[in-house]
Amino acid sequence: MAPVFWAFEERERLMEFYERVSGARFHAAFYRPNDVDWTGLNYQFFLDVALFARDCFKVLTEIFTVLTTNRIWKSRLVGVGSINLNDAISYGVTGPVIRSVGIKKDMRFLKSETYAHYWFLSMQGYLGKRGDSYDRFLIRLREMYESVNIVFQVLTNLTSLSYKDNLSFNSVNTRSNFFSFFDTLYTEKYNKLNYNTKYNSMESLINHFKHYSEGIRVPKGFTYKAVEAPKGEFGVSLISDGTSNPYRCKIRTPSYHHMQIMSRMAQGHYFADMVTILGSLDIVFGDVDR
């Protein structure tokens with residue numbers, strides 16, 4: 001339990017960022033259709049994110065150093081919950097679970113899927129060999145490093161943009177310049193948000209009400225879109241009959257598929273190893289029964 005509570009502090013700091021942006025800790029309503037809610041973002045927020053990423057990198061290094069070569073940790077993970085290539089494909093597992101057997105399946109690296117601009121970032125994928133709990137532990141920990149690297153890249157790209165004051169990343173070399181840069185960024189985005197959502201006439205307000213009350217009429221047909229969630233492939237399939245209500249909607253959650261393979265992983269192990277297998281799969285039961 002010691003490593004769990006060790007990482008709990010960093011998790012709580014992450015939840016604070018959620019709460020600062022949207023007011024909720026877990027179910028953060030941050031993304032908008034074709035837009036982002038910028039009302040909770042300011043220069044202090046970006047500065048705190050940068051400081052957190054720096055400290056989180058240090059904590060991850062400490063956890064990685066202590067656990068990777070720990071004799072007790074390895075005795076509970078190495079060779080526990082192993083799966084082979086055929087099992088991984090047959091049961092439809094995704095994410096770190098399928099990457100632990102050596103299959104490089106990641107939606108973020110597909111050229112056809114350019115969501116969230118992952119294709120424009122410098123990223124690296126990690127694979128395992130044995131498909132056991134230890135491989136999945138190493139992959140998840142390395143992906144935490146990669147997440148911190150992505151955060152640093154996004155912050156660097158933000159500060160490298162040029163604005164009307166010609167303030168770029170090269171000139172952000174002092175604390176005051178750093179504050180001034182994000183203050184400019186926040187002001188421009190917030191003013192743009194107010195301009196787009198402020199209704200100056202009754203006609204525009206009526207159109208807005210009709211749009212959100214009647215809904216969007218989607219053309220007939222079938223579509224499936226997925227993203228690479230931390231636990232695996234999260235997808236939504238929709239069948240439209242031409243109205244604003246879908247004829248059929250199915251949500252594909254990774255935990256539901258990973259739950260099916262637990263009986264296969266637990267064969268030949270002790271009952272106490274079920275905790276290890278369940279943790280290495282990172283199952284959320286809200287995804288399973290929903």
# chains A, B, ... in the order shown; residues from 1 in each chain; ligands from 1
$ residues_around --residues "stretch 239-247 of chain A" --least-positions-apart "2" --cutoff "10 Å" --atoms "only C-alpha atoms" --output "ChimeraX atom specification"
/A:214-224,237,249-250
$ residues_around --residues "stretch 123-131 of chain A" --least-positions-apart "6" --cutoff "7 Å" --atoms "only C-alpha atoms" --output "PyMOL selection string"
chain A and resi 82-84+99-102+104+139
$ closest_residue --among "A:Val21, A:Leu47, A:Trp73, A:Arg248" --to "A:Thr156" --atoms "only C-alpha atoms"
A:Leu47
$ select_by_dssp --residues "stretch 195-235 of chain A" --states "strand (DSSP E)" --output "ChimeraX atom specification"
/A:221-229,232-235
$ write_last_selection --atoms "N, CA and C atoms" --output "compact mmCIF listing (two decimals), in the first residue's frame"
# COMPACT_ATOMS: atom_id res chain seq x y z
N GLY A 221 -26.93 7.15 -41.29
CA GLY A 221 -25.71 6.38 -41.48
C GLY A 221 -25.11 5.90 -40.17
N PHE A 222 -23.97 5.24 -40.30
CA PHE A 222 -23.27 4.67 -39.15
C PHE A 222 -21.88 5.29 -39.05
N THR A 223 -21.44 5.55 -37.84
CA THR A 223 -20.10 6.07 -37.63
C THR A 223 -19.55 5.55 -36.31
N TYR A 224 -18.24 5.42 -36.28
CA TYR A 224 -17.55 4.98 -35.05
C TYR A 224 -16.28 5.81 -34.89
N LYS A 225 -16.14 6.41 -33.73
CA LYS A 225 -14.96 7.21 -33.42
C LYS A 225 -14.42 6.78 -32.06
N ALA A 226 -13.10 6.75 -31.97
CA ALA A 226 -12.47 6.30 -30.73
C ALA A 226 -11.28 7.19 -30.41
N VAL A 227 -10.94 7.23 -29.15
CA VAL A 227 -9.76 7.94 -28.67
C VAL A 227 -8.94 6.98 -27.83
N GLU A 228 -7.68 7.31 -27.64
CA GLU A 228 -6.78 6.51 -26.81
C GLU A 228 -6.84 7.03 -25.39
N ALA A 229 -7.71 6.42 -24.59
CA ALA A 229 -7.83 6.77 -23.18
C ALA A 229 -6.69 6.12 -22.39
N GLY A 232 -7.22 2.39 -22.32
CA GLY A 232 -7.32 1.70 -23.58
C GLY A 232 -8.17 2.47 -24.57
N GLU A 233 -8.69 1.77 -25.57
CA GLU A 233 -9.49 2.41 -26.62
C GLU A 233 -10.90 2.68 -26.12
N PHE A 234 -11.27 3.94 -26.13
CA PHE A 234 -12.63 4.36 -25.74
C PHE A 234 -13.33 4.87 -26.98
N GLY A 235 -14.39 4.18 -27.40
CA GLY A 235 -15.06 4.53 -28.64
C GLY A 235 -16.56 4.65 -28.49
$ residues_around --residues "A:Asp48" --least-positions-apart "3" --cutoff "12 Å" --atoms "only C-alpha atoms" --output "list in words"
Arg13, Leu14, Glu16, Phe17, Arg20, Leu41, Asn42, Tyr43, Gln44, Phe45, Leu51, Phe52, Ala53, Arg54, Asp55, Cys56, Val151, Leu155, Phe178, Phe179 and Phe182 of chain A
$ write_last_selection --atoms "C-alpha atoms" --output "short mmCIF file (atom, residue, chain, number, x, y, z; two decimals), in the first residue's frame"
data_model
loop_
_atom_site.label_atom_id
_atom_site.label_comp_id
_atom_site.auth_asym_id
_atom_site.auth_seq_id
_atom_site.Cartn_x
_atom_site.Cartn_y
_atom_site.Cartn_z
CA ARG A 13 -2.73 17.94 -6.92
CA LEU A 14 -4.08 16.85 -10.31
CA GLU A 16 -7.07 20.44 -7.79
CA PHE A 17 -6.37 21.50 -11.39
CA ARG A 20 -9.88 25.09 -10.60
CA LEU A 41 -7.52 29.48 -17.36
CA ASN A 42 -5.15 32.30 -16.49
CA TYR A 43 -1.42 32.91 -16.18
CA GLN A 44 -1.29 31.58 -12.61
CA PHE A 45 -2.92 28.34 -13.72
CA LEU A 51 5.62 23.74 -11.49
CA PHE A 52 3.53 20.61 -10.96
CA ALA A 53 4.97 18.91 -14.05
CA ARG A 54 8.48 19.62 -12.76
CA ASP A 55 7.74 18.21 -9.32
CA CYS A 56 5.77 15.26 -10.72
CA VAL A 151 2.53 18.90 -20.85
CA LEU A 155 3.34 24.86 -22.46
CA PHE A 178 5.96 35.03 -17.77
CA PHE A 179 3.00 36.55 -15.94
CA PHE A 182 -0.23 34.42 -19.90
#
$ residues_around --residues "stretch 268-273 of chain A" --least-positions-apart "5" --cutoff "12 Å" --atoms "only C-alpha atoms" --output "list of chain:residue names"
A:Ser75, A:Arg76, A:Leu77, A:Val78, A:Gly79, A:Val80, A:Gly81, A:Ser82, A:Asp132, A:Ser133, A:Met262, A:Ser263, A:Leu278, A:Gly279, A:Ser280
$ atom_distance --atom1 "atom CA of A:Val154" --atom2 "atom CA of A:Tyr115"
14.7 Å
$ closest_atom_pairs --of "stretch 98-175 of chain A" --to "stretch 281-287 of chain A" --cutoff "10 Å" --atoms "only C-alpha atoms" --output "CSV"
residue,atom,partner,partner_atom,distance
A:Ser133,CA,A:Leu281,CA,8.3
A:Arg136,CA,A:Leu281,CA,7.9
A:Phe137,CA,A:Leu281,CA,9.5
A:Arg140,CA,A:Asp282,CA,10.0
$ write_last_selection --atoms "C-alpha atoms" --output "PDB file, in the first residue's frame"
ATOM      1  CA  SER A 133       1.756  -7.508 -14.636  1.00  0.00           C
ATOM      2  CA  ARG A 136       2.085  -3.446 -17.656  1.00  0.00           C
ATOM      3  CA  PHE A 137       3.491  -1.659 -14.594  1.00  0.00           C
ATOM      4  CA  ARG A 140       2.048   2.671 -17.340  1.00  0.00           C
TER       5      ARG A 140
END
$ residues_around --residues "A:Gly92" --least-positions-apart "2" --cutoff "9 Å" --atoms "only C-alpha atoms" --output "PDB file with C-alpha atoms, in the first residue's frame"
ATOM      1  CA  ASP A  87      -5.418 -14.050 -26.116  1.00  0.00           C
ATOM      2  CA  ALA A  88      -4.872 -10.307 -26.417  1.00  0.00           C
ATOM      3  CA  ILE A  89      -6.348 -10.214 -29.928  1.00  0.00           C
ATOM      4  CA  SER A  90      -9.191 -12.651 -29.204  1.00  0.00           C
ATOM      5  CA  THR A  94      -6.379  -2.374 -25.896  1.00  0.00           C
ATOM      6  CA  ILE A  98      -2.191  -5.171 -25.561  1.00  0.00           C
ATOM      7  CA  PRO A 254     -11.825  -0.634 -22.287  1.00  0.00           C
ATOM      8  CA  HIS A 257     -13.288  -5.898 -22.413  1.00  0.00           C
ATOM      9  CA  HIS A 258     -10.455  -6.207 -19.898  1.00  0.00           C
TER      10      HIS A 258
END
$ atom_distance --atom1 "atom CA of A:Phe30" --atom2 "atom CA of A:Tyr145"
23.4 Å
$ residues_around --residues "A:Tyr118" --least-positions-apart "5" --cutoff "9 Å" --atoms "only C-alpha atoms" --output "PDB file with C-alpha atoms, in the first residue's frame"
ATOM      1  CA  ARG A 108      -2.551   8.605 -31.067  1.00  0.00           C
ATOM      2  CA  PHE A 109       0.038   7.358 -33.573  1.00  0.00           C
ATOM      3  CA  GLU A 113      -6.700   9.972 -36.262  1.00  0.00           C
ATOM      4  CA  MET A 123       5.859  11.252 -28.510  1.00  0.00           C
TER       5      MET A 123
END
$ closest_residue --among "A:Val4, A:Met144, A:Ile103, A:Phe152" --to "A:Asn86" --atoms "only C-alpha atoms"
A:Ile103
